[in-house]
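Text of the file data20.cif, holding mmCIF, N, CA and C atoms:
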data_run
#
loop_
_atom_site.label_atom_id
_atom_site.label_comp_id
_atom_site.auth_asym_id
_atom_site.auth_seq_id
_atom_site.Cartn_x
_atom_site.Cartn_y
_atom_site.Cartn_z
N MET A 1 29.34 -5.95 26.84
CA MET A 1 28.06 -6.17 26.19
C MET A 1 26.98 -5.57 27.08
N PRO A 2 26.07 -4.74 26.50
CA PRO A 2 25.05 -4.11 27.32
C PRO A 2 24.03 -5.13 27.80
N THR A 3 23.50 -4.84 28.98
CA THR A 3 22.44 -5.71 29.48
C THR A 3 21.15 -5.37 28.76
N LYS A 4 20.13 -6.19 28.96
CA LYS A 4 18.84 -5.96 28.32
C LYS A 4 18.31 -4.57 28.66
N ASN A 5 18.40 -4.17 29.92
CA ASN A 5 17.92 -2.86 30.31
C ASN A 5 18.75 -1.73 29.72
N GLU A 6 20.06 -1.91 29.64
CA GLU A 6 20.92 -0.87 29.07
C GLU A 6 20.65 -0.68 27.59
N SER A 7 20.35 -1.76 26.86
CA SER A 7 20.11 -1.64 25.43
C SER A 7 18.84 -0.85 25.14
N LYS A 8 17.93 -0.74 26.09
CA LYS A 8 16.71 0.05 25.92
C LYS A 8 16.85 1.43 26.54
N GLY A 9 18.04 1.77 26.99
CA GLY A 9 18.25 3.08 27.57
C GLY A 9 18.02 3.12 29.06
N LYS A 10 17.60 2.02 29.64
CA LYS A 10 17.39 1.95 31.08
C LYS A 10 18.72 1.60 31.73
N GLY A 11 18.91 2.04 32.92
CA GLY A 11 20.13 1.70 33.63
C GLY A 11 21.27 2.64 33.32
N LYS A 12 21.12 3.52 32.35
CA LYS A 12 22.14 4.51 32.04
C LYS A 12 21.79 5.81 32.74
N ASP A 13 22.81 6.53 33.11
CA ASP A 13 22.60 7.85 33.65
C ASP A 13 22.00 8.72 32.55
N ALA A 14 21.02 9.56 32.89
CA ALA A 14 20.34 10.39 31.90
C ALA A 14 21.31 11.24 31.08
N SER A 15 22.44 11.63 31.68
CA SER A 15 23.39 12.48 30.96
C SER A 15 24.11 11.71 29.85
N GLU A 16 24.07 10.37 29.87
CA GLU A 16 24.73 9.56 28.85
C GLU A 16 23.84 9.30 27.65
N ARG A 17 22.54 9.58 27.74
CA ARG A 17 21.63 9.32 26.63
C ARG A 17 21.74 10.44 25.60
N PRO A 18 21.90 10.10 24.31
CA PRO A 18 22.06 11.14 23.29
C PRO A 18 20.79 11.97 23.07
N ASP A 19 19.61 11.49 23.46
CA ASP A 19 18.37 12.23 23.23
C ASP A 19 18.01 13.16 24.38
N ARG A 20 18.87 13.23 25.38
CA ARG A 20 18.57 14.05 26.56
C ARG A 20 18.37 15.50 26.16
N GLY A 21 17.27 16.05 26.61
CA GLY A 21 17.00 17.46 26.36
C GLY A 21 16.35 17.75 25.02
N LYS A 22 16.25 16.77 24.14
CA LYS A 22 15.63 17.00 22.84
C LYS A 22 14.15 16.65 22.93
N PRO A 23 13.31 17.45 22.26
CA PRO A 23 11.88 17.11 22.26
C PRO A 23 11.65 15.84 21.43
N ALA A 24 10.63 15.09 21.79
CA ALA A 24 10.28 13.88 21.04
C ALA A 24 9.88 14.27 19.62
N LEU A 25 10.29 13.46 18.66
CA LEU A 25 9.93 13.71 17.27
C LEU A 25 8.46 13.41 17.05
N PRO A 26 7.80 14.16 16.15
CA PRO A 26 6.41 13.84 15.83
C PRO A 26 6.37 12.50 15.09
N LYS A 27 5.36 11.72 15.36
CA LYS A 27 5.22 10.39 14.75
C LYS A 27 4.30 10.49 13.54
N ALA A 28 4.88 10.56 12.35
CA ALA A 28 4.11 10.64 11.12
C ALA A 28 3.54 9.26 10.77
N HIS A 29 2.54 9.24 9.92
CA HIS A 29 2.00 7.99 9.40
C HIS A 29 1.88 8.11 7.89
N VAL A 30 1.85 6.98 7.21
CA VAL A 30 1.74 6.99 5.75
C VAL A 30 0.33 7.39 5.37
N ALA A 31 0.19 8.43 4.57
CA ALA A 31 -1.12 8.90 4.14
C ALA A 31 -1.45 8.38 2.74
N THR A 32 -0.52 8.59 1.79
CA THR A 32 -0.76 8.13 0.42
C THR A 32 0.54 7.63 -0.21
N VAL A 33 0.37 6.77 -1.19
CA VAL A 33 1.46 6.31 -2.05
C VAL A 33 0.97 6.50 -3.48
N ALA A 34 1.80 7.12 -4.32
CA ALA A 34 1.39 7.38 -5.70
C ALA A 34 1.58 6.14 -6.57
N ILE A 35 0.58 5.89 -7.38
CA ILE A 35 0.62 4.85 -8.41
C ILE A 35 0.45 5.59 -9.73
N VAL A 36 1.45 5.54 -10.62
CA VAL A 36 1.38 6.26 -11.90
C VAL A 36 0.46 5.49 -12.84
N VAL A 37 -0.55 6.21 -13.37
CA VAL A 37 -1.53 5.60 -14.27
C VAL A 37 -1.62 6.41 -15.56
N SER A 38 -2.07 5.77 -16.62
CA SER A 38 -2.17 6.45 -17.91
C SER A 38 -3.46 7.26 -18.04
N ASP A 39 -4.52 6.84 -17.37
CA ASP A 39 -5.81 7.50 -17.44
C ASP A 39 -6.48 7.40 -16.07
N ARG A 40 -6.56 8.52 -15.37
CA ARG A 40 -7.08 8.53 -14.00
C ARG A 40 -8.51 8.02 -13.92
N THR A 41 -9.35 8.37 -14.89
CA THR A 41 -10.75 7.94 -14.88
C THR A 41 -10.85 6.42 -15.01
N LYS A 42 -10.12 5.85 -15.98
CA LYS A 42 -10.14 4.40 -16.16
C LYS A 42 -9.52 3.69 -14.95
N ALA A 43 -8.45 4.26 -14.40
CA ALA A 43 -7.81 3.65 -13.23
C ALA A 43 -8.74 3.68 -12.03
N THR A 44 -9.45 4.80 -11.84
CA THR A 44 -10.41 4.89 -10.74
C THR A 44 -11.47 3.81 -10.87
N ASP A 45 -11.96 3.60 -12.07
CA ASP A 45 -12.96 2.56 -12.31
C ASP A 45 -12.40 1.18 -11.96
N TRP A 46 -11.18 0.89 -12.40
CA TRP A 46 -10.59 -0.44 -12.13
C TRP A 46 -10.36 -0.65 -10.64
N TYR A 47 -9.76 0.33 -9.98
CA TYR A 47 -9.43 0.18 -8.55
C TYR A 47 -10.68 0.10 -7.68
N THR A 48 -11.78 0.74 -8.11
CA THR A 48 -13.00 0.70 -7.30
C THR A 48 -13.93 -0.44 -7.72
N ARG A 49 -14.27 -0.51 -9.00
CA ARG A 49 -15.25 -1.50 -9.46
C ARG A 49 -14.67 -2.91 -9.55
N VAL A 50 -13.44 -3.04 -10.03
CA VAL A 50 -12.85 -4.37 -10.24
C VAL A 50 -12.12 -4.85 -8.98
N LEU A 51 -11.25 -4.01 -8.40
CA LEU A 51 -10.48 -4.42 -7.22
C LEU A 51 -11.27 -4.24 -5.92
N GLY A 52 -12.28 -3.36 -5.93
CA GLY A 52 -13.15 -3.23 -4.77
C GLY A 52 -12.75 -2.22 -3.73
N LEU A 53 -11.83 -1.31 -4.05
CA LEU A 53 -11.45 -0.27 -3.10
C LEU A 53 -12.49 0.85 -3.13
N ASP A 54 -12.48 1.70 -2.12
CA ASP A 54 -13.38 2.85 -2.05
C ASP A 54 -12.72 4.06 -2.70
N LEU A 55 -13.52 4.89 -3.36
CA LEU A 55 -13.04 6.19 -3.81
C LEU A 55 -13.13 7.10 -2.58
N VAL A 56 -11.98 7.49 -2.04
CA VAL A 56 -11.95 8.24 -0.79
C VAL A 56 -11.85 9.75 -1.04
N GLU A 57 -11.06 10.15 -2.04
CA GLU A 57 -10.90 11.57 -2.35
C GLU A 57 -10.89 11.74 -3.86
N SER A 58 -11.55 12.78 -4.35
CA SER A 58 -11.55 13.07 -5.78
C SER A 58 -11.67 14.57 -5.99
N MET A 59 -10.53 15.20 -6.32
CA MET A 59 -10.48 16.65 -6.55
C MET A 59 -9.56 16.91 -7.73
N GLU A 60 -10.11 16.98 -8.92
CA GLU A 60 -9.35 17.20 -10.14
C GLU A 60 -8.20 16.20 -10.24
N HIS A 61 -6.95 16.67 -10.13
CA HIS A 61 -5.80 15.76 -10.25
C HIS A 61 -5.74 14.78 -9.09
N TRP A 62 -6.18 15.19 -7.92
CA TRP A 62 -6.02 14.36 -6.72
C TRP A 62 -7.16 13.35 -6.60
N VAL A 63 -6.85 12.09 -6.90
CA VAL A 63 -7.80 10.99 -6.72
C VAL A 63 -7.11 9.95 -5.86
N ALA A 64 -7.76 9.56 -4.77
CA ALA A 64 -7.18 8.58 -3.86
C ALA A 64 -8.20 7.49 -3.57
N VAL A 65 -7.73 6.24 -3.62
CA VAL A 65 -8.58 5.08 -3.33
C VAL A 65 -7.99 4.32 -2.16
N GLY A 66 -8.82 3.58 -1.50
CA GLY A 66 -8.40 2.78 -0.35
C GLY A 66 -9.61 2.30 0.40
N ARG A 67 -9.57 2.38 1.71
CA ARG A 67 -10.69 2.03 2.58
C ARG A 67 -11.03 3.26 3.40
N LYS A 68 -12.27 3.71 3.32
CA LYS A 68 -12.70 4.87 4.10
C LYS A 68 -12.45 4.60 5.58
N GLY A 69 -11.77 5.54 6.22
CA GLY A 69 -11.50 5.43 7.64
C GLY A 69 -10.32 4.55 8.01
N LYS A 70 -9.61 3.97 7.03
CA LYS A 70 -8.49 3.07 7.32
C LYS A 70 -7.13 3.71 7.09
N GLY A 71 -7.04 4.85 6.36
CA GLY A 71 -5.74 5.46 6.07
C GLY A 71 -5.00 4.68 5.01
N GLY A 72 -3.78 5.09 4.71
CA GLY A 72 -2.96 4.39 3.73
C GLY A 72 -3.59 4.33 2.36
N LEU A 73 -3.77 5.46 1.70
CA LEU A 73 -4.46 5.53 0.42
C LEU A 73 -3.50 5.44 -0.76
N LEU A 74 -4.04 5.03 -1.92
CA LEU A 74 -3.29 5.04 -3.17
C LEU A 74 -3.73 6.25 -3.98
N HIS A 75 -2.79 7.11 -4.32
CA HIS A 75 -3.06 8.28 -5.15
C HIS A 75 -2.87 7.84 -6.60
N LEU A 76 -3.94 7.86 -7.39
CA LEU A 76 -3.87 7.48 -8.80
C LEU A 76 -3.38 8.69 -9.58
N CYS A 77 -2.10 8.68 -9.89
CA CYS A 77 -1.39 9.85 -10.38
C CYS A 77 -1.19 9.80 -11.90
N GLN A 78 -1.91 10.67 -12.61
CA GLN A 78 -1.77 10.75 -14.07
C GLN A 78 -0.77 11.87 -14.38
N MET A 79 0.50 11.51 -14.41
CA MET A 79 1.57 12.50 -14.58
C MET A 79 1.59 13.14 -15.96
N THR A 80 0.97 12.51 -16.95
CA THR A 80 0.98 13.08 -18.30
C THR A 80 0.24 14.42 -18.37
N GLU A 81 -0.54 14.74 -17.36
CA GLU A 81 -1.18 16.06 -17.30
C GLU A 81 -0.13 17.17 -17.17
N PHE A 82 0.99 16.86 -16.55
CA PHE A 82 2.04 17.83 -16.30
C PHE A 82 3.23 17.66 -17.23
N GLU A 83 3.53 16.42 -17.57
CA GLU A 83 4.63 16.10 -18.46
C GLU A 83 4.12 15.07 -19.47
N PRO A 84 3.80 15.52 -20.70
CA PRO A 84 3.17 14.63 -21.68
C PRO A 84 3.92 13.32 -21.95
N ASN A 85 5.23 13.32 -21.84
CA ASN A 85 6.00 12.10 -22.12
C ASN A 85 6.42 11.35 -20.86
N PHE A 86 5.78 11.66 -19.73
CA PHE A 86 6.14 10.99 -18.49
C PHE A 86 5.84 9.50 -18.62
N PRO A 87 6.84 8.65 -18.34
CA PRO A 87 6.63 7.20 -18.53
C PRO A 87 5.82 6.57 -17.39
N LEU A 88 5.10 5.52 -17.74
CA LEU A 88 4.46 4.70 -16.72
C LEU A 88 5.56 3.96 -15.96
N GLU A 89 5.24 3.42 -14.83
CA GLU A 89 6.21 2.68 -14.01
C GLU A 89 5.69 1.26 -13.75
N PRO A 90 5.53 0.47 -14.82
CA PRO A 90 4.98 -0.88 -14.62
C PRO A 90 5.94 -1.76 -13.82
N GLY A 91 5.37 -2.82 -13.26
CA GLY A 91 6.18 -3.75 -12.48
C GLY A 91 5.86 -3.63 -11.01
N ASN A 92 6.75 -4.13 -10.19
CA ASN A 92 6.57 -4.19 -8.75
C ASN A 92 6.43 -2.79 -8.17
N SER A 93 5.24 -2.50 -7.65
CA SER A 93 4.99 -1.18 -7.06
C SER A 93 5.45 -1.10 -5.62
N GLY A 94 5.67 -2.26 -4.99
CA GLY A 94 6.02 -2.28 -3.58
C GLY A 94 4.83 -2.11 -2.66
N VAL A 95 3.63 -2.03 -3.23
CA VAL A 95 2.41 -1.83 -2.45
C VAL A 95 1.80 -3.18 -2.09
N THR A 96 1.43 -3.33 -0.81
CA THR A 96 0.73 -4.52 -0.34
C THR A 96 -0.64 -4.10 0.16
N LEU A 97 -1.66 -4.77 -0.33
CA LEU A 97 -3.03 -4.55 0.12
C LEU A 97 -3.46 -5.74 0.97
N ARG A 98 -4.07 -5.47 2.11
CA ARG A 98 -4.58 -6.52 2.99
C ARG A 98 -6.03 -6.82 2.60
N VAL A 99 -6.31 -8.10 2.36
CA VAL A 99 -7.63 -8.55 1.93
C VAL A 99 -8.39 -9.10 3.13
N PRO A 100 -9.59 -8.55 3.42
CA PRO A 100 -10.35 -9.04 4.58
C PRO A 100 -10.98 -10.40 4.31
N GLY A 101 -11.37 -11.05 5.38
CA GLY A 101 -12.07 -12.33 5.27
C GLY A 101 -11.24 -13.47 5.83
N ALA A 102 -11.93 -14.53 6.22
CA ALA A 102 -11.28 -15.68 6.83
C ALA A 102 -10.63 -16.60 5.80
N ASP A 103 -11.07 -16.54 4.54
CA ASP A 103 -10.57 -17.45 3.50
C ASP A 103 -9.91 -16.64 2.38
N PHE A 104 -8.59 -16.49 2.46
CA PHE A 104 -7.85 -15.67 1.50
C PHE A 104 -7.98 -16.22 0.08
N THR A 105 -7.88 -17.52 -0.09
CA THR A 105 -7.96 -18.10 -1.44
C THR A 105 -9.35 -17.87 -2.05
N ALA A 106 -10.40 -17.96 -1.25
CA ALA A 106 -11.75 -17.70 -1.76
C ALA A 106 -11.89 -16.23 -2.15
N ALA A 107 -11.33 -15.33 -1.34
CA ALA A 107 -11.38 -13.90 -1.65
C ALA A 107 -10.64 -13.62 -2.96
N CYS A 108 -9.50 -14.27 -3.16
CA CYS A 108 -8.75 -14.11 -4.41
C CYS A 108 -9.58 -14.63 -5.59
N GLY A 109 -10.28 -15.74 -5.38
CA GLY A 109 -11.16 -16.28 -6.42
C GLY A 109 -12.25 -15.30 -6.81
N GLN A 110 -12.81 -14.60 -5.83
CA GLN A 110 -13.83 -13.59 -6.11
C GLN A 110 -13.25 -12.44 -6.92
N LEU A 111 -12.04 -12.00 -6.55
CA LEU A 111 -11.40 -10.91 -7.29
C LEU A 111 -11.09 -11.34 -8.73
N LYS A 112 -10.60 -12.55 -8.89
CA LYS A 112 -10.30 -13.06 -10.24
C LYS A 112 -11.57 -13.12 -11.08
N ALA A 113 -12.66 -13.61 -10.50
CA ALA A 113 -13.94 -13.67 -11.21
C ALA A 113 -14.46 -12.28 -11.57
N ASN A 114 -14.01 -11.26 -10.82
CA ASN A 114 -14.42 -9.89 -11.09
C ASN A 114 -13.51 -9.19 -12.10
N GLY A 115 -12.50 -9.90 -12.61
CA GLY A 115 -11.66 -9.33 -13.65
C GLY A 115 -10.27 -8.93 -13.23
N VAL A 116 -9.87 -9.20 -11.99
CA VAL A 116 -8.52 -8.87 -11.54
C VAL A 116 -7.55 -9.90 -12.13
N GLU A 117 -6.47 -9.41 -12.75
CA GLU A 117 -5.46 -10.30 -13.33
C GLU A 117 -4.46 -10.71 -12.26
N PHE A 118 -4.41 -12.01 -12.00
CA PHE A 118 -3.44 -12.55 -11.05
C PHE A 118 -2.22 -13.03 -11.82
N ILE A 119 -1.03 -12.57 -11.41
CA ILE A 119 0.18 -13.04 -12.07
C ILE A 119 0.92 -14.05 -11.21
N GLU A 120 0.50 -14.16 -9.93
CA GLU A 120 1.06 -15.19 -9.06
C GLU A 120 0.12 -15.41 -7.88
N GLY A 121 -0.06 -16.68 -7.55
CA GLY A 121 -0.82 -17.03 -6.36
C GLY A 121 -2.32 -17.07 -6.59
N PRO A 122 -3.05 -17.25 -5.52
CA PRO A 122 -2.57 -17.20 -4.15
C PRO A 122 -1.64 -18.37 -3.83
N LYS A 123 -0.65 -18.06 -3.02
CA LYS A 123 0.41 -19.02 -2.73
C LYS A 123 0.75 -18.97 -1.24
N LYS A 124 0.99 -20.15 -0.67
CA LYS A 124 1.34 -20.24 0.75
C LYS A 124 2.84 -20.41 0.86
N GLU A 125 3.46 -19.56 1.67
CA GLU A 125 4.88 -19.65 1.98
C GLU A 125 5.03 -19.91 3.47
N SER A 126 6.24 -20.11 3.93
CA SER A 126 6.46 -20.37 5.35
C SER A 126 6.02 -19.19 6.21
N TRP A 127 6.05 -17.97 5.65
CA TRP A 127 5.69 -16.76 6.39
C TRP A 127 4.23 -16.37 6.19
N GLY A 128 3.51 -17.05 5.31
CA GLY A 128 2.09 -16.75 5.12
C GLY A 128 1.65 -16.76 3.67
N TRP A 129 0.40 -16.39 3.45
CA TRP A 129 -0.21 -16.36 2.12
C TRP A 129 0.04 -15.02 1.42
N TYR A 130 0.12 -15.08 0.08
CA TYR A 130 0.19 -13.85 -0.71
C TYR A 130 -0.26 -14.14 -2.13
N ALA A 131 -0.52 -13.10 -2.87
CA ALA A 131 -0.81 -13.18 -4.31
C ALA A 131 -0.30 -11.88 -4.93
N THR A 132 -0.05 -11.90 -6.22
CA THR A 132 0.37 -10.70 -6.94
C THR A 132 -0.61 -10.46 -8.08
N VAL A 133 -1.11 -9.23 -8.16
CA VAL A 133 -2.05 -8.85 -9.21
C VAL A 133 -1.47 -7.70 -10.02
N ARG A 134 -2.05 -7.48 -11.19
CA ARG A 134 -1.56 -6.41 -12.09
C ARG A 134 -2.74 -5.53 -12.50
N ASP A 135 -2.55 -4.22 -12.41
CA ASP A 135 -3.60 -3.30 -12.86
C ASP A 135 -3.45 -3.09 -14.38
N PRO A 136 -4.40 -2.41 -15.02
CA PRO A 136 -4.34 -2.24 -16.49
C PRO A 136 -3.10 -1.51 -17.00
N ASP A 137 -2.40 -0.74 -16.15
CA ASP A 137 -1.18 -0.04 -16.55
C ASP A 137 0.08 -0.83 -16.25
N GLY A 138 -0.07 -2.06 -15.76
CA GLY A 138 1.08 -2.91 -15.49
C GLY A 138 1.65 -2.79 -14.09
N ASN A 139 1.03 -1.99 -13.23
CA ASN A 139 1.48 -1.87 -11.84
C ASN A 139 1.14 -3.16 -11.09
N GLU A 140 2.14 -3.77 -10.45
CA GLU A 140 1.91 -5.00 -9.71
C GLU A 140 1.71 -4.67 -8.23
N LEU A 141 0.67 -5.27 -7.66
CA LEU A 141 0.31 -5.07 -6.26
C LEU A 141 0.29 -6.41 -5.57
N PHE A 142 0.76 -6.45 -4.34
CA PHE A 142 0.73 -7.69 -3.57
C PHE A 142 -0.53 -7.70 -2.72
N LEU A 143 -1.13 -8.87 -2.61
CA LEU A 143 -2.28 -9.06 -1.73
C LEU A 143 -1.88 -10.02 -0.64
N MET A 144 -2.30 -9.74 0.57
CA MET A 144 -2.07 -10.64 1.70
C MET A 144 -3.34 -10.64 2.55
N PRO A 145 -3.56 -11.71 3.33
CA PRO A 145 -4.72 -11.71 4.20
C PRO A 145 -4.62 -10.62 5.25
N ASP A 146 -5.77 -10.05 5.61
CA ASP A 146 -5.81 -9.06 6.67
C ASP A 146 -5.50 -9.77 8.00
N LEU A 147 -4.74 -9.12 8.82
CA LEU A 147 -4.37 -9.72 10.10
C LEU A 147 -5.41 -9.47 11.16
#
Show how you would write the structure in this file as structure tokens.
Amino acid sequence: MPTKNESKGKGKDASERPDRGKPALPKAHVATVAIVVSDRTKATDWYTRVLGLDLVESMEHWVAVGRKGKGGLLHLCQMTEFEPNFPLEPGNSGVTLRVPGADFTAACGQLKANGVEFIEGPKKESWGWYATVRDPDGNELFLMPDL
């Protein structure tokens, strides 16, 4: 069984490490995640006016919302421009948005009062708070308190 130092690559002769002589890989970061929408203009309005995100980029097909200067944007992708019968992808999008503020339940209440449809929560679990919301195209997004 390797010791703590050996499991981190310490304590081994450099010739035994498989990465010896290889350049370090570039460390990419998540820039955008596509959310398929039926109408980019209506989706932009909902994500900015109702959900409260910023319009960060807008260039014809390319529309991205999120937080200016925070990275991790949502690309509101209207695929019907390219494929008229392209289906929407309603349901769990796998996207989690972090909600700022000290009181997550109050923040969720503000979003609900602004027209955001909550399908679950806010709810407290052993691992923390969360809520699930749905956009007008049926895409489900998870909300969690900002850390």
Evaluate the PyMOL selection byres (((chain A and resi 61-73 and name CA) around 10) and name CA) against this structure - the residues, as a ChimeraX atom specification, please. /A:29-35,40-41,43-44,47-48,52-60,74-79,81,97
Can I get the selection written as a compact mmCIF listing (two decimals), in the frame of the given file, with N, CA and C atoms?
# COMPACT_ATOMS: atom_id res chain seq x y z
N HIS A 29 2.54 9.24 9.92
CA HIS A 29 2.00 7.99 9.40
C HIS A 29 1.88 8.11 7.89
N VAL A 30 1.85 6.98 7.21
CA VAL A 30 1.74 6.99 5.75
C VAL A 30 0.33 7.39 5.37
N ALA A 31 0.19 8.43 4.57
CA ALA A 31 -1.12 8.90 4.14
C ALA A 31 -1.45 8.38 2.74
N THR A 32 -0.52 8.59 1.79
CA THR A 32 -0.76 8.13 0.42
C THR A 32 0.54 7.63 -0.21
N VAL A 33 0.37 6.77 -1.19
CA VAL A 33 1.46 6.31 -2.05
C VAL A 33 0.97 6.50 -3.48
N ALA A 34 1.80 7.12 -4.32
CA ALA A 34 1.39 7.38 -5.70
C ALA A 34 1.58 6.14 -6.57
N ILE A 35 0.58 5.89 -7.38
CA ILE A 35 0.62 4.85 -8.41
C ILE A 35 0.45 5.59 -9.73
N ARG A 40 -6.56 8.52 -15.37
CA ARG A 40 -7.08 8.53 -14.00
C ARG A 40 -8.51 8.02 -13.92
N THR A 41 -9.35 8.37 -14.89
CA THR A 41 -10.75 7.94 -14.88
C THR A 41 -10.85 6.42 -15.01
N ALA A 43 -8.45 4.26 -14.40
CA ALA A 43 -7.81 3.65 -13.23
C ALA A 43 -8.74 3.68 -12.03
N THR A 44 -9.45 4.80 -11.84
CA THR A 44 -10.41 4.89 -10.74
C THR A 44 -11.47 3.81 -10.87
N TYR A 47 -9.76 0.33 -9.98
CA TYR A 47 -9.43 0.18 -8.55
C TYR A 47 -10.68 0.10 -7.68
N THR A 48 -11.78 0.74 -8.11
CA THR A 48 -13.00 0.70 -7.30
C THR A 48 -13.93 -0.44 -7.72
N GLY A 52 -12.28 -3.36 -5.93
CA GLY A 52 -13.15 -3.23 -4.77
C GLY A 52 -12.75 -2.22 -3.73
N LEU A 53 -11.83 -1.31 -4.05
CA LEU A 53 -11.45 -0.27 -3.10
C LEU A 53 -12.49 0.85 -3.13
N ASP A 54 -12.48 1.70 -2.12
CA ASP A 54 -13.38 2.85 -2.05
C ASP A 54 -12.72 4.06 -2.70
N LEU A 55 -13.52 4.89 -3.36
CA LEU A 55 -13.04 6.19 -3.81
C LEU A 55 -13.13 7.10 -2.58
N VAL A 56 -11.98 7.49 -2.04
CA VAL A 56 -11.95 8.24 -0.79
C VAL A 56 -11.85 9.75 -1.04
N GLU A 57 -11.06 10.15 -2.04
CA GLU A 57 -10.90 11.57 -2.35
C GLU A 57 -10.89 11.74 -3.86
N SER A 58 -11.55 12.78 -4.35
CA SER A 58 -11.55 13.07 -5.78
C SER A 58 -11.67 14.57 -5.99
N MET A 59 -10.53 15.20 -6.32
CA MET A 59 -10.48 16.65 -6.55
C MET A 59 -9.56 16.91 -7.73
N GLU A 60 -10.11 16.98 -8.92
CA GLU A 60 -9.35 17.20 -10.14
C GLU A 60 -8.20 16.20 -10.24
N LEU A 74 -4.04 5.03 -1.92
CA LEU A 74 -3.29 5.04 -3.17
C LEU A 74 -3.73 6.25 -3.98
N HIS A 75 -2.79 7.11 -4.32
CA HIS A 75 -3.06 8.28 -5.15
C HIS A 75 -2.87 7.84 -6.60
N LEU A 76 -3.94 7.86 -7.39
CA LEU A 76 -3.87 7.48 -8.80
C LEU A 76 -3.38 8.69 -9.58
N CYS A 77 -2.10 8.68 -9.89
CA CYS A 77 -1.39 9.85 -10.38
C CYS A 77 -1.19 9.80 -11.90
N GLN A 78 -1.91 10.67 -12.61
CA GLN A 78 -1.77 10.75 -14.07
C GLN A 78 -0.77 11.87 -14.38
N MET A 79 0.50 11.51 -14.41
CA MET A 79 1.57 12.50 -14.58
C MET A 79 1.59 13.14 -15.96
N GLU A 81 -0.54 14.74 -17.36
CA GLU A 81 -1.18 16.06 -17.30
C GLU A 81 -0.13 17.17 -17.17
N LEU A 97 -1.66 -4.77 -0.33
CA LEU A 97 -3.03 -4.55 0.12
C LEU A 97 -3.46 -5.74 0.97
With distances taken over all atoms listed in the file, which residue among A:Val133, A:Leu141, A:Val99, A:Leu25 lies nearest Phe118 of chain A? A:Val133
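For the pair atom N of Leu147 of chain A and atom CA of Leu51 of chain A, the interatomic distance is 17.7 Å.
For chain A, backbone-based DSSP assignment of alpha helix (DSSP H) covers Lys4, Asn5, Glu6, Ser7, Arg40, Thr41, Lys42, Ala43, Thr44, Asp45, Phe104, Thr105, Ala106, Ala107, Cys108, Gly109, Gln110, Leu111, Lys112 and Ala113 of chain A.
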Could you write those residues out with N, CA and C atoms, as a tab-separated table (two decimals), in the frame of the given file?
chain	number	residue	atom	x	y	z
A	4	LYS	N	20.13	-6.19	28.96
A	4	LYS	CA	18.84	-5.96	28.32
A	4	LYS	C	18.31	-4.57	28.66
A	5	ASN	N	18.40	-4.17	29.92
A	5	ASN	CA	17.92	-2.86	30.31
A	5	ASN	C	18.75	-1.73	29.72
A	6	GLU	N	20.06	-1.91	29.64
A	6	GLU	CA	20.92	-0.87	29.07
A	6	GLU	C	20.65	-0.68	27.59
A	7	SER	N	20.35	-1.76	26.86
A	7	SER	CA	20.11	-1.64	25.43
A	7	SER	C	18.84	-0.85	25.14
A	40	ARG	N	-6.56	8.52	-15.37
A	40	ARG	CA	-7.08	8.53	-14.00
A	40	ARG	C	-8.51	8.02	-13.92
A	41	THR	N	-9.35	8.37	-14.89
A	41	THR	CA	-10.75	7.94	-14.88
A	41	THR	C	-10.85	6.42	-15.01
A	42	LYS	N	-10.12	5.85	-15.98
A	42	LYS	CA	-10.14	4.40	-16.16
A	42	LYS	C	-9.52	3.69	-14.95
A	43	ALA	N	-8.45	4.26	-14.40
A	43	ALA	CA	-7.81	3.65	-13.23
A	43	ALA	C	-8.74	3.68	-12.03
A	44	THR	N	-9.45	4.80	-11.84
A	44	THR	CA	-10.41	4.89	-10.74
A	44	THR	C	-11.47	3.81	-10.87
A	45	ASP	N	-11.96	3.60	-12.07
A	45	ASP	CA	-12.96	2.56	-12.31
A	45	ASP	C	-12.40	1.18	-11.96
A	104	PHE	N	-8.59	-16.49	2.46
A	104	PHE	CA	-7.85	-15.67	1.50
A	104	PHE	C	-7.98	-16.22	0.08
A	105	THR	N	-7.88	-17.52	-0.09
A	105	THR	CA	-7.96	-18.10	-1.44
A	105	THR	C	-9.35	-17.87	-2.05
A	106	ALA	N	-10.40	-17.96	-1.25
A	106	ALA	CA	-11.75	-17.70	-1.76
A	106	ALA	C	-11.89	-16.23	-2.15
A	107	ALA	N	-11.33	-15.33	-1.34
A	107	ALA	CA	-11.38	-13.90	-1.65
A	107	ALA	C	-10.64	-13.62	-2.96
A	108	CYS	N	-9.50	-14.27	-3.16
A	108	CYS	CA	-8.75	-14.11	-4.41
A	108	CYS	C	-9.58	-14.63	-5.59
A	109	GLY	N	-10.28	-15.74	-5.38
A	109	GLY	CA	-11.16	-16.28	-6.42
A	109	GLY	C	-12.25	-15.30	-6.81
A	110	GLN	N	-12.81	-14.60	-5.83
A	110	GLN	CA	-13.83	-13.59	-6.11
A	110	GLN	C	-13.25	-12.44	-6.92
A	111	LEU	N	-12.04	-12.00	-6.55
A	111	LEU	CA	-11.40	-10.91	-7.29
A	111	LEU	C	-11.09	-11.34	-8.73
A	112	LYS	N	-10.60	-12.55	-8.89
A	112	LYS	CA	-10.30	-13.06	-10.24
A	112	LYS	C	-11.57	-13.12	-11.08
A	113	ALA	N	-12.66	-13.61	-10.50
A	113	ALA	CA	-13.94	-13.67	-11.21
A	113	ALA	C	-14.46	-12.28	-11.57
What residues come out when you apply the PyMOL selection byres (((chain A and resi 105 and name CA) around 9) and name CA) to this file, written as a PyMOL selection string? chain A and resi 103-104+106-110+121-123+129
Please expand the PyMOL selection byres (((chain A and resi 83-93 and name CA) around 6) and name CA) into the concrete residues it hits in this file, giving the result as a count of residues only. 9
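Atom N of Arg134 of chain A sits 4.9 Å away from atom CA of Glu117 of chain A.
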From the set A:Val50, A:Lys27, A:Gly21, A:Met144, which residue has the shortest atom-to-atom contact distance to Val116 of chain A, counting all atoms listed in the file? A:Val50
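Atom pair atom CA of Val37 of chain A / atom N of Gly101 of chain A: separated by 27.6 Å.
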Check segment 7-107 of chain A with DSSP on the backbone and list each residue it calls strand (DSSP E or B), as a PyMOL selection string. chain A and resi 32-36+54-59+62-66+73-77+91-99
